[in-house]
Amino acid sequence: MNSVETLVAQIQGLSGSISDVNQLHSLLKQSEDFFQSESTRLASLLTELDPSIHSLGYLYILEACTSAPISKEQASELVLSVARFINLCAAEQIRLAPDKFTSVCKRFKDQVMLLEDPMRGVAPMLTAIRKLQLSTEHLTTLHQDFLLLCLLAKCYKTGLSILEDDIFEIDQPRDFFLYCYYGGMICIGHKKFSKALELLHNVVTAPMSILNAIAVEAYKKYILVSLIHLGQFSISFPKYTSSVAQRNLKNFSQPYLELVNSYGTGKISELETSVQANNEKFEFDQNLGLVKQVVSSMYKRNIQRLTQTYLTLSLQDIANTVQLNSAKEAEMHVLQMIQDGEIYATINQKDGMVRFLEDPEQYKTCEMIERIDSSIQRIMMLSRKLTHMDEQLSCDPLYLAKAGKERQRFDFDDFDTVPSSKFTI
């Protein structure tokens, strides 16, 4: 391209049909040097283009304009421009240049962070993900940036919206690690501990050739959330965990494993001693809040054990048994557990007696049947998907070549042993 005027004319003239847009894409790719050399002059051209019609050309110019360092004063104006483009751009056009779109969105995230206003980036980044995705099964490199903004803005509910998607396609391994780690933290913030465990488990057990800091921090949180939600933690790894993780993760998590041992005793005094001994470490890791929830969960576990032994018990007896300070404190714990559905009980306010009840759920209501049916349908869908992926992998030339190299040419275990007596002459 010889001039900016020619550039604008070509973008405006070749943004109609699919064939025109493809031709424009070829021209734009050939003009990378022009965009770099004229980046300071291109910003004014954006006013002559409509981001909803000329999305591809607009994207190339915007990417060139945002490549230079930007001051904090300019950042606010840039954030508005990029957010407007993300909302208006045509998905079918920006998908032709996903690297350019991703680069612009990541710079947008950086500027929002520079302004210390992550809330401004949450909605545009979610829109960007949906426009970049070919399907909800695809994990883009923008997912982890979006979840980070949700964490910083404490928009946990918005973050949950993409964590409900089943992911089968991943661009970069690092994106998957951060997606699961940030997603786990969002679920913790929303008290969805079961989903948090699933995501953190994915980080800990994911294939890795060298240990990374994300897996180490995920393992620490995985221990704490397991104690909070399940009341226990198994120090043995699943067999599909990488050997690197199995050998090294425990070495970086000794204070947390000591906490597991103290928790296993069921004695609140021993647990609090362990917390005090490693308080600085927990605070340095920014896990002290979760550790306090671990201590609180022990009271709940001890109260739950009482329901397996007694039908009725006074609040004072509960307080004495689980080492609470007063009957009033025991009452507050019991009421909260009833509200959360962790136990089934009634409290007689007159005599301070607690009556433990059986689970009233009979699993025969319409709502429960719908939930069970929904779970069965989802499992069947996942089974079909995994079977399809397994078939594709079994026919993949790269996989077959790698598997062939790693397998020995002759594996004598594959042959039946024949007694030597058969060959006696």
# chains A, B, ... in the order shown; residues from 1 in each chain; ligands from 1

$ residues_around --residues "Pro360 of chain A" --least-positions-apart "2" --cutoff "12 Å" --atoms "only C-alpha atoms" --output "list in words"
Gly341, Ile343, Tyr344, Ala345, Phe356, Leu357, Glu358, Gln362, Tyr363, Lys364 and Thr365 of chain A

$ write_last_selection --atoms "C-alpha atoms" --output "PDB file, in the first residue's frame"
ATOM      1  CA  GLY A 341     -28.236 -28.208  54.509  1.00  0.00           C
ATOM      2  CA  ILE A 343     -27.303 -31.355  58.979  1.00  0.00           C
ATOM      3  CA  TYR A 344     -31.008 -31.862  59.614  1.00  0.00           C
ATOM      4  CA  ALA A 345     -32.082 -30.852  63.119  1.00  0.00           C
ATOM      5  CA  PHE A 356     -31.119 -34.568  65.016  1.00  0.00           C
ATOM      6  CA  LEU A 357     -33.277 -35.725  62.089  1.00  0.00           C
ATOM      7  CA  GLU A 358     -32.905 -37.941  59.012  1.00  0.00           C
ATOM      8  CA  GLN A 362     -36.948 -39.032  49.276  1.00  0.00           C
ATOM      9  CA  TYR A 363     -35.484 -38.606  45.747  1.00  0.00           C
ATOM     10  CA  LYS A 364     -38.891 -38.957  44.119  1.00  0.00           C
ATOM     11  CA  THR A 365     -39.981 -35.359  43.525  1.00  0.00           C
TER      12      THR A 365
END

$ select_by_dssp --residues "segment 21-254 of chain A" --states "helix (DSSP H, G or I)" --output "PyMOL selection string"
chain A and resi 21-30+32-37+39-48+55-65+72-88+91-94+98-114+119-132+143-153+156-163+173-189+193-205+213-230+243-252+254

$ atom_distance --atom1 "atom CA of Gln144 of chain A" --atom2 "atom CA of Tyr182 of chain A"
7.0 Å

$ residues_around --residues "Pro69 of chain A" --least-positions-apart "3" --cutoff "12 Å" --atoms "only C-alpha atoms" --output "list in words"
Ser39, Thr40, Ala64, Cys65, Thr66, Lys72, Glu73, Gln74, Ala75, Leu78, Arg107, Asp110 and Gln111 of chain A

$ select_by_dssp --residues "segment 223-407 of chain A" --states "strand (DSSP E)" --output "PyMOL selection string"
chain A and resi 312-314+345-348+353-356

$ write_last_selection --atoms "N, CA, C and O atoms" --output "compact mmCIF listing (two decimals), in the first residue's frame"
# COMPACT_ATOMS: atom_id res chain seq x y z
N THR A 312 -30.72 -36.78 70.38
CA THR A 312 -30.90 -35.47 71.02
C THR A 312 -29.67 -35.15 71.86
O THR A 312 -29.02 -36.04 72.40
N LEU A 313 -29.38 -33.85 71.95
CA LEU A 313 -28.20 -33.40 72.70
C LEU A 313 -28.40 -31.93 73.05
O LEU A 313 -28.96 -31.17 72.26
N SER A 314 -27.98 -31.55 74.23
CA SER A 314 -28.13 -30.15 74.62
C SER A 314 -27.07 -29.30 73.93
O SER A 314 -26.00 -29.78 73.56
N ALA A 345 -31.85 -30.88 61.67
CA ALA A 345 -32.08 -30.85 63.12
C ALA A 345 -33.08 -29.76 63.46
O ALA A 345 -33.37 -28.87 62.65
N THR A 346 -33.63 -29.86 64.68
CA THR A 346 -34.48 -28.80 65.24
C THR A 346 -33.94 -28.42 66.61
O THR A 346 -33.36 -29.26 67.31
N ILE A 347 -34.11 -27.17 66.98
CA ILE A 347 -33.63 -26.68 68.28
C ILE A 347 -34.83 -26.25 69.12
O ILE A 347 -35.65 -25.44 68.68
N ASN A 348 -34.94 -26.80 70.30
CA ASN A 348 -35.98 -26.39 71.26
C ASN A 348 -35.42 -25.24 72.09
O ASN A 348 -34.53 -25.43 72.93
N MET A 353 -32.34 -27.93 73.80
CA MET A 353 -32.04 -29.26 73.29
C MET A 353 -32.09 -29.27 71.76
O MET A 353 -32.95 -28.64 71.14
N VAL A 354 -31.17 -30.03 71.18
CA VAL A 354 -31.12 -30.19 69.72
C VAL A 354 -31.53 -31.61 69.37
O VAL A 354 -31.01 -32.58 69.94
N ARG A 355 -32.49 -31.72 68.44
CA ARG A 355 -32.94 -33.03 67.98
C ARG A 355 -32.46 -33.23 66.55
O ARG A 355 -32.79 -32.46 65.66
N PHE A 356 -31.65 -34.27 66.34
CA PHE A 356 -31.12 -34.57 65.02
C PHE A 356 -32.10 -35.43 64.23
O PHE A 356 -32.67 -36.38 64.76

$ closest_residue --among "A:Leu398, A:Ile162, A:Ala97, A:Met119" --to "Val79 of chain A" --atoms "only C-alpha atoms"
A:Met119

$ residues_around --residues "Ile303 of chain A" --least-positions-apart "5" --cutoff "10 Å" --atoms "only C-alpha atoms" --output "list in words"
Ser297, Met298, Gln308, Ile318, Ala319, Thr321, Val322, Ala330, His333, Val334, Met337 and Ile343 of chain A

$ residues_around --residues "Lys221 of chain A" --least-positions-apart "4" --cutoff "10 Å" --atoms "only C-alpha atoms" --output "mmCIF file with all heavy atoms, in the first residue's frame"
data_model
loop_
_atom_site.group_PDB
_atom_site.id
_atom_site.type_symbol
_atom_site.label_atom_id
_atom_site.label_comp_id
_atom_site.auth_asym_id
_atom_site.auth_seq_id
_atom_site.Cartn_x
_atom_site.Cartn_y
_atom_site.Cartn_z
ATOM 1 N N TYR A 181 -6.739 -22.450 37.532
ATOM 2 C CA TYR A 181 -6.314 -21.844 38.801
ATOM 3 C C TYR A 181 -7.189 -20.645 39.159
ATOM 4 O O TYR A 181 -7.738 -20.573 40.265
ATOM 5 C CB TYR A 181 -4.849 -21.427 38.714
ATOM 6 C CG TYR A 181 -4.326 -20.799 39.986
ATOM 7 C CD1 TYR A 181 -4.241 -21.527 41.168
ATOM 8 C CD2 TYR A 181 -3.930 -19.467 40.017
ATOM 9 C CE1 TYR A 181 -3.780 -20.952 42.345
ATOM 10 C CE2 TYR A 181 -3.463 -18.881 41.180
ATOM 11 C CZ TYR A 181 -3.382 -19.629 42.337
ATOM 12 O OH TYR A 181 -2.927 -19.051 43.497
ATOM 13 N N GLY A 184 -10.705 -21.801 39.844
ATOM 14 C CA GLY A 184 -10.826 -22.368 41.192
ATOM 15 C C GLY A 184 -10.961 -21.290 42.243
ATOM 16 O O GLY A 184 -11.768 -21.410 43.177
ATOM 17 N N MET A 185 -10.204 -20.212 42.096
ATOM 18 C CA MET A 185 -10.274 -19.114 43.064
ATOM 19 C C MET A 185 -11.624 -18.409 43.009
ATOM 20 O O MET A 185 -12.170 -18.000 44.038
ATOM 21 C CB MET A 185 -9.135 -18.130 42.802
ATOM 22 C CG MET A 185 -7.757 -18.694 43.103
ATOM 23 S SD MET A 185 -6.415 -17.574 42.673
ATOM 24 C CE MET A 185 -6.641 -16.273 43.884
ATOM 25 N N ILE A 188 -14.065 -20.570 44.804
ATOM 26 C CA ILE A 188 -13.847 -20.430 46.245
ATOM 27 C C ILE A 188 -14.525 -19.156 46.741
ATOM 28 O O ILE A 188 -15.197 -19.156 47.773
ATOM 29 C CB ILE A 188 -12.343 -20.401 46.566
ATOM 30 C CG1 ILE A 188 -11.720 -21.772 46.330
ATOM 31 C CG2 ILE A 188 -12.099 -19.961 48.020
ATOM 32 C CD1 ILE A 188 -10.200 -21.778 46.389
ATOM 33 N N ALA A 196 -14.595 -25.836 42.628
ATOM 34 C CA ALA A 196 -13.224 -25.373 42.880
ATOM 35 C C ALA A 196 -12.277 -26.562 42.965
ATOM 36 O O ALA A 196 -11.165 -26.534 42.410
ATOM 37 C CB ALA A 196 -13.173 -24.549 44.160
ATOM 38 N N LEU A 197 -12.683 -27.616 43.656
ATOM 39 C CA LEU A 197 -11.860 -28.816 43.769
ATOM 40 C C LEU A 197 -11.598 -29.434 42.398
ATOM 41 O O LEU A 197 -10.481 -29.875 42.097
ATOM 42 C CB LEU A 197 -12.537 -29.846 44.675
ATOM 43 C CG LEU A 197 -12.393 -29.642 46.187
ATOM 44 C CD1 LEU A 197 -13.204 -30.694 46.934
ATOM 45 C CD2 LEU A 197 -10.933 -29.707 46.616
ATOM 46 N N LEU A 200 -9.013 -27.118 40.531
ATOM 47 C CA LEU A 200 -7.675 -27.196 41.128
ATOM 48 C C LEU A 200 -7.064 -28.583 40.912
ATOM 49 O O LEU A 200 -5.853 -28.714 40.702
ATOM 50 C CB LEU A 200 -7.746 -26.869 42.619
ATOM 51 C CG LEU A 200 -8.166 -25.419 42.954
ATOM 52 C CD1 LEU A 200 -8.380 -25.263 44.453
ATOM 53 C CD2 LEU A 200 -7.121 -24.429 42.463
ATOM 54 N N HIS A 201 -7.905 -29.604 40.951
ATOM 55 C CA HIS A 201 -7.453 -30.980 40.667
ATOM 56 C C HIS A 201 -6.888 -31.069 39.253
ATOM 57 O O HIS A 201 -5.872 -31.745 39.022
ATOM 58 C CB HIS A 201 -8.631 -31.942 40.848
ATOM 59 C CG HIS A 201 -8.313 -33.368 40.498
ATOM 60 N ND1 HIS A 201 -7.782 -34.260 41.392
ATOM 61 C CD2 HIS A 201 -8.457 -34.051 39.326
ATOM 62 C CE1 HIS A 201 -7.609 -35.429 40.801
ATOM 63 N NE2 HIS A 201 -8.013 -35.335 39.550
ATOM 64 N N ALA A 215 1.023 -24.754 39.461
ATOM 65 C CA ALA A 215 0.660 -26.045 40.048
ATOM 66 C C ALA A 215 0.940 -26.069 41.550
ATOM 67 O O ALA A 215 0.158 -26.635 42.322
ATOM 68 C CB ALA A 215 1.426 -27.165 39.351
ATOM 69 N N VAL A 216 2.045 -25.455 41.967
ATOM 70 C CA VAL A 216 2.390 -25.421 43.397
ATOM 71 C C VAL A 216 1.318 -24.675 44.189
ATOM 72 O O VAL A 216 0.825 -25.162 45.218
ATOM 73 C CB VAL A 216 3.768 -24.762 43.613
ATOM 74 C CG1 VAL A 216 4.032 -24.543 45.102
ATOM 75 C CG2 VAL A 216 4.871 -25.617 43.001
ATOM 76 N N GLU A 217 0.934 -23.486 43.702
ATOM 77 C CA GLU A 217 -0.081 -22.692 44.412
ATOM 78 C C GLU A 217 -1.451 -23.369 44.361
ATOM 79 O O GLU A 217 -2.225 -23.302 45.319
ATOM 80 C CB GLU A 217 -0.161 -21.284 43.813
ATOM 81 C CG GLU A 217 1.105 -20.464 43.971
ATOM 82 C CD GLU A 217 1.577 -20.412 45.416
ATOM 83 O OE1 GLU A 217 0.762 -20.117 46.303
ATOM 84 O OE2 GLU A 217 2.765 -20.673 45.665
ATOM 85 N N VAL A 225 -9.086 -26.501 50.394
ATOM 86 C CA VAL A 225 -10.485 -26.647 49.981
ATOM 87 C C VAL A 225 -10.979 -28.071 50.252
ATOM 88 O O VAL A 225 -12.145 -28.277 50.610
ATOM 89 C CB VAL A 225 -10.659 -26.274 48.490
ATOM 90 C CG1 VAL A 225 -12.101 -26.512 48.041
ATOM 91 C CG2 VAL A 225 -10.296 -24.819 48.259
ATOM 92 N N SER A 226 -10.103 -29.055 50.106
ATOM 93 C CA SER A 226 -10.484 -30.441 50.424
ATOM 94 C C SER A 226 -10.862 -30.569 51.895
ATOM 95 O O SER A 226 -11.849 -31.229 52.239
ATOM 96 C CB SER A 226 -9.332 -31.391 50.094
ATOM 97 O OG SER A 226 -9.077 -31.432 48.720
ATOM 98 N N LEU A 227 -10.087 -29.940 52.759
ATOM 99 C CA LEU A 227 -10.389 -29.999 54.200
ATOM 100 C C LEU A 227 -11.701 -29.279 54.503
ATOM 101 O O LEU A 227 -12.509 -29.760 55.305
ATOM 102 C CB LEU A 227 -9.243 -29.378 55.005
ATOM 103 C CG LEU A 227 -7.904 -30.137 54.971
ATOM 104 C CD1 LEU A 227 -6.850 -29.367 55.755
ATOM 105 C CD2 LEU A 227 -8.058 -31.546 55.522
ATOM 106 N N TYR A 256 1.193 -27.100 54.796
ATOM 107 C CA TYR A 256 -0.176 -27.496 54.476
ATOM 108 C C TYR A 256 -0.411 -28.971 54.801
ATOM 109 O O TYR A 256 -1.499 -29.353 55.260
ATOM 110 C CB TYR A 256 -0.477 -27.193 53.005
ATOM 111 C CG TYR A 256 -0.413 -25.719 52.692
ATOM 112 C CD1 TYR A 256 0.802 -25.111 52.379
ATOM 113 C CD2 TYR A 256 -1.549 -24.921 52.753
ATOM 114 C CE1 TYR A 256 0.877 -23.746 52.118
ATOM 115 C CE2 TYR A 256 -1.491 -23.565 52.490
ATOM 116 C CZ TYR A 256 -0.275 -22.980 52.174
ATOM 117 O OH TYR A 256 -0.207 -21.628 51.927
ATOM 118 N N ASP A 285 1.477 -16.666 51.535
ATOM 119 C CA ASP A 285 0.829 -17.314 50.380
ATOM 120 C C ASP A 285 -0.561 -16.753 50.101
ATOM 121 O O ASP A 285 -1.219 -17.174 49.140
ATOM 122 C CB ASP A 285 0.704 -18.823 50.626
ATOM 123 C CG ASP A 285 2.047 -19.527 50.612
ATOM 124 O OD1 ASP A 285 3.013 -18.961 50.069
ATOM 125 O OD2 ASP A 285 2.135 -20.645 51.161
ATOM 126 N N ASN A 287 -3.191 -17.263 51.831
ATOM 127 C CA ASN A 287 -4.150 -18.346 52.069
ATOM 128 C C ASN A 287 -4.691 -18.341 53.499
ATOM 129 O O ASN A 287 -5.367 -19.300 53.892
ATOM 130 C CB ASN A 287 -3.491 -19.700 51.793
ATOM 131 C CG ASN A 287 -3.325 -19.966 50.298
ATOM 132 O OD1 ASN A 287 -4.125 -19.513 49.486
ATOM 133 N ND2 ASN A 287 -2.282 -20.692 49.940
ATOM 134 N N LEU A 290 -8.460 -18.852 53.865
ATOM 135 C CA LEU A 290 -8.884 -20.238 53.678
ATOM 136 C C LEU A 290 -8.521 -21.090 54.885
ATOM 137 O O LEU A 290 -9.286 -21.982 55.278
ATOM 138 C CB LEU A 290 -8.222 -20.821 52.425
ATOM 139 C CG LEU A 290 -8.897 -20.546 51.076
ATOM 140 C CD1 LEU A 290 -8.063 -21.125 49.946
ATOM 141 C CD2 LEU A 290 -10.304 -21.103 51.039
ATOM 142 N N VAL A 291 -7.360 -20.827 55.483
ATOM 143 C CA VAL A 291 -6.939 -21.583 56.667
ATOM 144 C C VAL A 291 -7.936 -21.364 57.811
ATOM 145 O O VAL A 291 -8.280 -22.311 58.535
ATOM 146 C CB VAL A 291 -5.511 -21.177 57.091
ATOM 147 C CG1 VAL A 291 -5.158 -21.769 58.447
ATOM 148 C CG2 VAL A 291 -4.498 -21.614 56.040
#

$ atom_distance --atom1 "atom CA of Tyr156 of chain A" --atom2 "atom CA of Ser135 of chain A"
22.7 Å

$ atom_distance --atom1 "atom CA of Ser15 of chain A" --atom2 "atom CA of Ala91 of chain A"
13.1 Å

$ residues_around --residues "segment 190-192 of chain A" --least-positions-apart "3" --cutoff "12 Å" --atoms "only C-alpha atoms" --output "list in words"
Cys150, Leu151, Lys154, Cys155, Tyr156, Lys157, Thr158, Gly159, Leu160, Leu163, Glu164, Gly183, Gly184, Met185, Ile186, Cys187, Lys195, Ala196, Leu197, Glu198, Leu199, Val225, Ile228, His229, Leu290, Gln293 and Asp340 of chain A

$ write_last_selection --atoms "N, CA, C and O atoms" --output "compact mmCIF listing (two decimals), in the first residue's frame"
# COMPACT_ATOMS: atom_id res chain seq x y z
N CYS A 150 -12.12 -10.73 36.60
CA CYS A 150 -13.26 -11.06 37.48
C CYS A 150 -12.80 -11.20 38.93
O CYS A 150 -13.48 -10.75 39.85
N LEU A 151 -11.64 -11.81 39.12
CA LEU A 151 -11.09 -11.96 40.47
C LEU A 151 -10.79 -10.62 41.10
O LEU A 151 -11.17 -10.34 42.24
N LYS A 154 -13.83 -8.76 41.85
CA LYS A 154 -14.73 -9.53 42.71
C LYS A 154 -16.07 -9.80 42.02
O LYS A 154 -17.12 -9.89 42.67
N CYS A 155 -16.04 -9.95 40.69
CA CYS A 155 -17.23 -10.31 39.92
C CYS A 155 -17.28 -11.83 39.77
O CYS A 155 -17.19 -12.37 38.66
N TYR A 156 -17.42 -12.52 40.89
CA TYR A 156 -17.34 -13.97 40.88
C TYR A 156 -18.47 -14.60 40.06
O TYR A 156 -18.25 -15.58 39.33
N LYS A 157 -19.65 -14.05 40.17
CA LYS A 157 -20.81 -14.63 39.47
C LYS A 157 -20.63 -14.54 37.96
O LYS A 157 -20.98 -15.48 37.23
N THR A 158 -20.07 -13.43 37.47
CA THR A 158 -19.82 -13.28 36.03
C THR A 158 -18.77 -14.28 35.58
O THR A 158 -18.88 -14.87 34.49
N GLY A 159 -17.75 -14.50 36.40
CA GLY A 159 -16.72 -15.47 36.07
C GLY A 159 -17.26 -16.88 35.97
O GLY A 159 -16.80 -17.68 35.14
N LEU A 160 -18.25 -17.19 36.79
CA LEU A 160 -18.84 -18.53 36.78
C LEU A 160 -19.51 -18.85 35.44
O LEU A 160 -19.65 -20.02 35.08
N LEU A 163 -17.18 -20.79 33.37
CA LEU A 163 -16.67 -21.99 34.01
C LEU A 163 -17.65 -23.16 33.90
O LEU A 163 -17.29 -24.30 34.18
N GLU A 164 -18.88 -22.87 33.51
CA GLU A 164 -19.89 -23.91 33.33
C GLU A 164 -19.71 -24.66 32.01
O GLU A 164 -20.29 -25.71 31.79
N GLY A 183 -10.07 -19.96 37.85
CA GLY A 183 -11.44 -20.46 37.98
C GLY A 183 -11.69 -21.06 39.34
O GLY A 183 -12.75 -20.86 39.94
N GLY A 184 -10.71 -21.80 39.84
CA GLY A 184 -10.83 -22.37 41.19
C GLY A 184 -10.96 -21.29 42.24
O GLY A 184 -11.77 -21.41 43.18
N MET A 185 -10.20 -20.21 42.10
CA MET A 185 -10.27 -19.11 43.06
C MET A 185 -11.62 -18.41 43.01
O MET A 185 -12.17 -18.00 44.04
N ILE A 186 -12.17 -18.27 41.80
CA ILE A 186 -13.50 -17.66 41.67
C ILE A 186 -14.56 -18.52 42.34
O ILE A 186 -15.45 -18.02 43.04
N CYS A 187 -14.47 -19.83 42.15
CA CYS A 187 -15.43 -20.75 42.79
C CYS A 187 -15.29 -20.71 44.31
O CYS A 187 -16.28 -20.80 45.04
N LYS A 195 -16.87 -27.41 42.67
CA LYS A 195 -16.33 -27.01 41.37
C LYS A 195 -14.89 -26.53 41.52
O LYS A 195 -14.05 -26.80 40.65
N ALA A 196 -14.59 -25.84 42.63
CA ALA A 196 -13.22 -25.37 42.88
C ALA A 196 -12.28 -26.56 42.97
O ALA A 196 -11.17 -26.53 42.41
N LEU A 197 -12.68 -27.62 43.66
CA LEU A 197 -11.86 -28.82 43.77
C LEU A 197 -11.60 -29.43 42.40
O LEU A 197 -10.48 -29.88 42.10
N GLU A 198 -12.62 -29.47 41.57
CA GLU A 198 -12.47 -30.04 40.22
C GLU A 198 -11.43 -29.27 39.41
O GLU A 198 -10.55 -29.86 38.77
N LEU A 199 -11.51 -27.94 39.46
CA LEU A 199 -10.59 -27.11 38.67
C LEU A 199 -9.16 -27.19 39.22
O LEU A 199 -8.20 -27.31 38.45
N VAL A 225 -9.09 -26.50 50.39
CA VAL A 225 -10.49 -26.65 49.98
C VAL A 225 -10.98 -28.07 50.25
O VAL A 225 -12.14 -28.28 50.61
N ILE A 228 -11.91 -28.14 53.87
CA ILE A 228 -13.14 -27.37 54.11
C ILE A 228 -14.37 -28.12 53.63
O ILE A 228 -15.38 -28.23 54.32
N HIS A 229 -14.29 -28.65 52.41
CA HIS A 229 -15.47 -29.23 51.77
C HIS A 229 -15.68 -30.70 52.11
O HIS A 229 -16.83 -31.15 52.29
N LEU A 290 -8.46 -18.85 53.86
CA LEU A 290 -8.88 -20.24 53.68
C LEU A 290 -8.52 -21.09 54.89
O LEU A 290 -9.29 -21.98 55.28
N GLN A 293 -11.05 -20.76 57.46
CA GLN A 293 -12.24 -21.54 57.11
C GLN A 293 -12.03 -23.02 57.41
O GLN A 293 -12.98 -23.74 57.74
N ASP A 340 -27.47 -24.30 55.74
CA ASP A 340 -26.65 -24.73 54.59
C ASP A 340 -26.97 -26.16 54.15
O ASP A 340 -26.40 -26.66 53.18

$ residues_around --residues "Lys250 of chain A" --least-positions-apart "3" --cutoff "10 Å" --atoms "only C-alpha atoms" --output "MDAnalysis selection string"
chainID A and resid 216 219:220 235 245:247 253:257

$ closest_residue --among "A:Leu45, A:Ser67, A:Ser37, A:Ser55" --to "Gly16 of chain A" --atoms "only C-alpha atoms"
A:Ser55

$ decode --residues "segment 233-250 of chain A" --atoms "N, CA and C atoms" --output "short mmCIF file (atom, residue, chain, number, x, y, z; two decimals), in the first residue's frame"
data_model
loop_
_atom_site.label_atom_id
_atom_site.label_comp_id
_atom_site.auth_asym_id
_atom_site.auth_seq_id
_atom_site.Cartn_x
_atom_site.Cartn_y
_atom_site.Cartn_z
N PHE A 233 -8.15 -35.13 53.41
CA PHE A 233 -7.31 -34.96 52.23
C PHE A 233 -6.40 -36.17 52.09
N SER A 234 -6.34 -36.73 50.90
CA SER A 234 -5.46 -37.87 50.64
C SER A 234 -4.14 -37.36 50.07
N ILE A 235 -3.03 -37.72 50.71
CA ILE A 235 -1.73 -37.24 50.25
C ILE A 235 -1.21 -38.02 49.05
N SER A 236 -1.86 -39.12 48.69
CA SER A 236 -1.44 -39.89 47.51
C SER A 236 -2.06 -39.28 46.27
N PHE A 237 -1.31 -39.28 45.18
CA PHE A 237 -1.77 -38.70 43.92
C PHE A 237 -2.45 -39.76 43.05
N PRO A 238 -3.39 -39.34 42.21
CA PRO A 238 -3.94 -40.28 41.22
C PRO A 238 -2.83 -40.77 40.30
N LYS A 239 -2.99 -41.96 39.76
CA LYS A 239 -1.92 -42.56 38.95
C LYS A 239 -1.64 -41.80 37.66
N TYR A 240 -2.61 -41.00 37.21
CA TYR A 240 -2.39 -40.24 35.97
C TYR A 240 -1.69 -38.91 36.20
N THR A 241 -1.32 -38.61 37.44
CA THR A 241 -0.56 -37.40 37.73
C THR A 241 0.86 -37.54 37.21
N SER A 242 1.43 -36.46 36.69
CA SER A 242 2.79 -36.52 36.15
C SER A 242 3.79 -36.86 37.25
N SER A 243 4.86 -37.54 36.87
CA SER A 243 5.88 -37.93 37.85
C SER A 243 6.56 -36.70 38.45
N VAL A 244 6.65 -35.63 37.67
CA VAL A 244 7.24 -34.38 38.18
C VAL A 244 6.43 -33.84 39.35
N ALA A 245 5.12 -33.82 39.19
CA ALA A 245 4.24 -33.34 40.26
C ALA A 245 4.30 -34.24 41.48
N GLN A 246 4.28 -35.53 41.26
CA GLN A 246 4.30 -36.48 42.38
C GLN A 246 5.59 -36.36 43.19
N ARG A 247 6.70 -36.09 42.51
CA ARG A 247 7.99 -36.02 43.21
C ARG A 247 8.18 -34.71 43.97
N ASN A 248 7.62 -33.62 43.46
CA ASN A 248 8.02 -32.30 43.97
C ASN A 248 6.96 -31.49 44.71
N LEU A 249 5.68 -31.72 44.42
CA LEU A 249 4.66 -30.84 45.01
C LEU A 249 4.66 -30.85 46.53
N LYS A 250 4.83 -32.01 47.11
CA LYS A 250 4.80 -32.11 48.58
C LYS A 250 5.94 -31.33 49.22
#
